[in-house]
Amino acid sequence: MKITFDVQSLEINPSGEEYVAVVDGQTVRVQILRADAGTGRMELSIDGQRVVAHVSSDMAKRWVTINGQTVMLTKTSGAKRGVRHDYAGGLIAPMPGQVRSVSVAVGDIVKKGQTLLTMEAMKMEIRIQALNDGKVTALHVQQGQTVEREQILIEVEE
Amino acid sequence: MFSKILIANRGEIAIRIIRACRELGVRTVAVYSEADKNSLHVQLADESILLGDAAPRESYLNVDKIISAAIHSHADAIHPGYGFLSENASFAHAVESAGLVFIGPSVDSIRAMGDKAESKIKMKAAGVPTVPGFEGLESDEEFRKAAHEIGYPVLIKASAGGGGKGMRVVNAENELSEAIESARREALNSFGDERLLIEKYLANAHHIEFQVFGDKHGNLIHLFERECSVQRRHQKIIEETPSPLLTPKLREEMGAAAVNAAKAVNYFNAGTIEFIFDPILSTLRQGSGQAFFFLEMNTRLQVEHPITELVAGIDLVQWQIRVAAGEKFPFTQSDFTQRGHAIECRVYAEDPANGFLPSTGKLLQFIEPQGPNIRVDSGFKTDSEVTHFYDPLLAKLIIHAENRESAIQRMQTALSEFIVHGVVTNIDFMQAVLKHEDFAKGKVSTRWVEKTLESNSLLLDVKRQASSLQGLISAALADVIFAGAKSQPAISNETDPFNPWKQTRNFRVSDK
């Protein structure tokens, strides 16, 4: 079957006692030496090399730790995606928190780097700044409002 | 000794205190907010009392609610932990007025040292060296003049502050107004007090602090230093003891200054004297005098107290409770030596590649490392929720070894066995710091993380290897073989669903 994480696809299929994975035209033979669904711990032999991986799943996200290094992968349909601080001219909340102050109004002309609003999360202040010179076309939040991660806060048009 | 103690805190430190109480045969009362109702500290305490909403003002910072919880549960003392109300003199006063014992120093000591401005004046009078600066300024104009006189860069910090909250480095005059405004707001929000002070910002300084400990009978000693220079946003990430920088002579001088500083405010219980230490000045002055300056005193237990416990061989939290109950501290300075080397790494739910922004979510996996001389102080387990209401500290990983070199190796091994899934952590980042040659040489100053990140050499090390072949294969294979396994939780009220005595079909004990 074909599985895609972020922008990387691979084909993985059982073949007798082992699995065969194809990534970027490269064929890799994988054996499962031990696997525990409870802890997500897998002991694999990948092309003869012993690999211990811990894997957790949460919706589309996969967390993988190998040799103490953790990576987070997102299962996708293959289209390019990712979390950004801007989205189609809008500025989004980098994390959940509360809007502390709003320093601009719709119609205001703003300069690149200007602080538009401040958020607070975990007692830390986060400044949301204009990415370019432009005009505020929409303001989706007000002071004191609780916002979710990736919620659009304000829109600025160049 | 007390019969029951209320712990006015949450997370790992609440658990640390509960364990100390248990060893002393003291019952414990946990307090908690709505967001923490399933937390470990609530589960471990003998009793627990809900304070209110998740917001600290409605819960862990609410003096009235905490004191009425203590009275209600018939506790005879309150341990404040660190953060929250631990250095709040009005809280300590309210505790005592309610006829309870505050496990910490006297109200007067907290007041004298809690105010960064007042304490600087007191320290100057006691002959303890302090950083050049001004206290008691109000208008932007006064700050502007003061900054000009001291010379940029300057540091603006909350008079009532601590832990880097309400603190701003100002490099030039045009940044001053915004820095004052945001520091004031953060100070008001974190401490309910917006007064600020200004002082010279020492760019290449090391942060070296001394643990002091005293009883109510006039005995007070120091328990050596902690080097806490690996910081981000003025908050510590890695601490160690002994400091690789101190000579025995300097250690003795700084220890004596720490004891003087604490005695100047009639201190008892656990406290920490923070110094900034300038190794360049130290070399210039041949390792003596004027290379260290009093920064502030923390009139409470520190986050990093475990490394002192390991090297000095003492349980600080137990002794906090014992001296608060009036016991005499039976040890003298010469009873203590530094045995081996200890390091603490603070595992935070934050993303080093994204400006150390906190990361929230449910912990899908939380596996702590184990082994000889490895200690983990944490308040989380698999399935715990990391919320945005409180500090993103997940765990403190503390190790002890014979010397610095083997301590670093042990820490690297332990960190590599620490598995946290569900939130982004700084584990990979700390690994990059530990293997950096500057860390090996003890050359990490308080601005090092910031400077090294700017030059990108550290970021490259921690950059996610998102396309690593082994990672991809493991993730894909997990999808194939674990499919459905996790979505079928064993929902059963039976303690043992396979108990043969409860089987009703096809089961016979004997074949008669």
# chains A, B, ... in the order shown; residues from 1 in each chain; ligands from 1
$ closest_atom_pairs --of "chain B" --to "chain A" --cutoff "6 Å" --atoms "only C-alpha atoms" --output "tab-separated table"
residue	atom	partner	partner_atom	distance
B:His388	CA	A:Met122	CA	5.0
B:Phe389	CA	A:Met122	CA	5.1
B:Tyr390	CA	A:Met122	CA	5.0
B:Asp391	CA	A:Met122	CA	5.5
B:Ser416	CA	A:Gly68	CA	3.7
B:Glu417	CA	A:Gly68	CA	5.8
B:His421	CA	A:Trp63	CA	5.8
B:Phe482	CA	A:Ala37	CA	5.9
$ closest_residue --among "A:Leu116, A:Ile109, A:Ile128, A:Leu139" --to "Glu158 (chain A)" --atoms "only C-alpha atoms"
A:Ile109
$ select_by_dssp --residues "chain A" --states "strand (DSSP E or B)" --output "ChimeraX atom specification"
/A:2-5,8-15,18-23,26-36,41-46,49-58,61-66,69-75,86-87,90-92,97-102,109-110,115-121,124-129,134-139,146-147,152-157
$ residues_around --residues "Ile152 (chain A)" --least-positions-apart "5" --cutoff "7 Å" --atoms "only C-alpha atoms" --output "list in words"
Gly90, Leu91, Ile92, Ala93 and His140 of chain A
$ write_last_selection --atoms "N, CA and C atoms" --output "mmCIF file, in the first residue's frame"
data_model
loop_
_atom_site.group_PDB
_atom_site.id
_atom_site.type_symbol
_atom_site.label_atom_id
_atom_site.label_comp_id
_atom_site.auth_asym_id
_atom_site.auth_seq_id
_atom_site.Cartn_x
_atom_site.Cartn_y
_atom_site.Cartn_z
ATOM 1 N N GLY A 90 -3.614 36.372 6.001
ATOM 2 C CA GLY A 90 -4.024 36.471 7.394
ATOM 3 C C GLY A 90 -2.908 36.022 8.317
ATOM 4 N N LEU A 91 -2.902 36.547 9.544
ATOM 5 C CA LEU A 91 -1.922 36.121 10.529
ATOM 6 C C LEU A 91 -2.631 35.196 11.500
ATOM 7 N N ILE A 92 -1.999 34.058 11.776
ATOM 8 C CA ILE A 92 -2.680 33.069 12.610
ATOM 9 C C ILE A 92 -1.980 32.901 13.958
ATOM 10 N N ALA A 93 -2.716 32.413 14.919
ATOM 11 C CA ALA A 93 -2.168 32.204 16.255
ATOM 12 C C ALA A 93 -1.180 31.039 16.220
ATOM 13 N N HIS A 140 -10.272 39.677 13.410
ATOM 14 C CA HIS A 140 -11.185 38.600 13.815
ATOM 15 C C HIS A 140 -11.268 38.368 15.313
#
$ residues_around --residues "Asn269 (chain B)" --least-positions-apart "4" --cutoff "6 Å" --atoms "only C-alpha atoms" --output "list in words"
Gly104, Pro105, Phe213, Gly214, Asp215 and Gln320 of chain B
$ write_last_selection --atoms "C-alpha atoms" --output "mmCIF file, in the first residue's frame"
data_model
loop_
_atom_site.group_PDB
_atom_site.id
_atom_site.type_symbol
_atom_site.label_atom_id
_atom_site.label_comp_id
_atom_site.auth_asym_id
_atom_site.auth_seq_id
_atom_site.Cartn_x
_atom_site.Cartn_y
_atom_site.Cartn_z
ATOM 1 C CA GLY B 104 9.951 29.125 54.150
ATOM 2 C CA PRO B 105 11.679 32.192 55.541
ATOM 3 C CA PHE B 213 20.136 26.915 54.378
ATOM 4 C CA GLY B 214 19.391 27.952 57.926
ATOM 5 C CA ASP B 215 17.218 27.219 60.933
ATOM 6 C CA GLN B 320 12.716 22.733 54.944
#
$ residues_around --residues "Pro153 (chain B)" --least-positions-apart "4" --cutoff "9 Å" --atoms "only C-alpha atoms" --output "PyMOL selection string"
chain B and resi 147+169-172+200-203
$ write_last_selection --atoms "N, CA and C atoms" --output "compact mmCIF listing (two decimals), in the first residue's frame"
# COMPACT_ATOMS: atom_id res chain seq x y z
N ALA B 147 19.38 54.97 31.82
CA ALA B 147 19.96 54.07 30.81
C ALA B 147 21.16 54.73 30.15
N VAL B 169 15.86 43.01 27.87
CA VAL B 169 17.15 43.59 27.53
C VAL B 169 16.90 44.70 26.52
N VAL B 170 17.45 45.86 26.78
CA VAL B 170 17.27 46.98 25.86
C VAL B 170 18.63 47.35 25.28
N ASN B 171 18.74 47.25 23.95
CA ASN B 171 20.03 47.50 23.30
C ASN B 171 20.22 48.95 22.90
N ALA B 172 19.11 49.67 22.66
CA ALA B 172 19.21 51.05 22.23
C ALA B 172 17.99 51.83 22.70
N LYS B 200 22.89 47.70 34.51
CA LYS B 200 23.79 47.37 33.41
C LYS B 200 23.55 45.91 33.00
N TYR B 201 23.50 45.67 31.70
CA TYR B 201 23.35 44.30 31.23
C TYR B 201 24.73 43.75 30.92
N LEU B 202 25.12 42.72 31.68
CA LEU B 202 26.44 42.13 31.48
C LEU B 202 26.31 40.98 30.48
N ALA B 203 26.81 41.24 29.25
CA ALA B 203 26.53 40.35 28.13
C ALA B 203 27.19 38.97 28.23
$ closest_residue --among "B:Val101, B:Val63, B:Ile238, B:Leu434" --to "His79 (chain B)" --atoms "only C-alpha atoms"
B:Val101
$ select_by_dssp --residues "region 38-276 of chain B" --states "helix (DSSP H, G or I)" --output "PyMOL selection string"
chain B and resi 40-44+56-58+63-72+89-97+107-114+116-125+140-150+173-191+248-263
$ residues_around --residues "region 303-317 of chain B" --least-positions-apart "5" --cutoff "7 Å" --atoms "only C-alpha atoms" --output "JSON, numbers by chain"
{"B": [17, 20, 82, 223, 239, 240, 241, 336, 337, 338, 339, 340, 341, 342, 343, 344, 398, 400]}
$ residues_around --residues "region 112-125 of chain B" --least-positions-apart "5" --cutoff "7 Å" --atoms "only C-alpha atoms" --output "number ranges by chain"
B: 87, 130, 135, 159-160, 197, 261, 265, 296-297
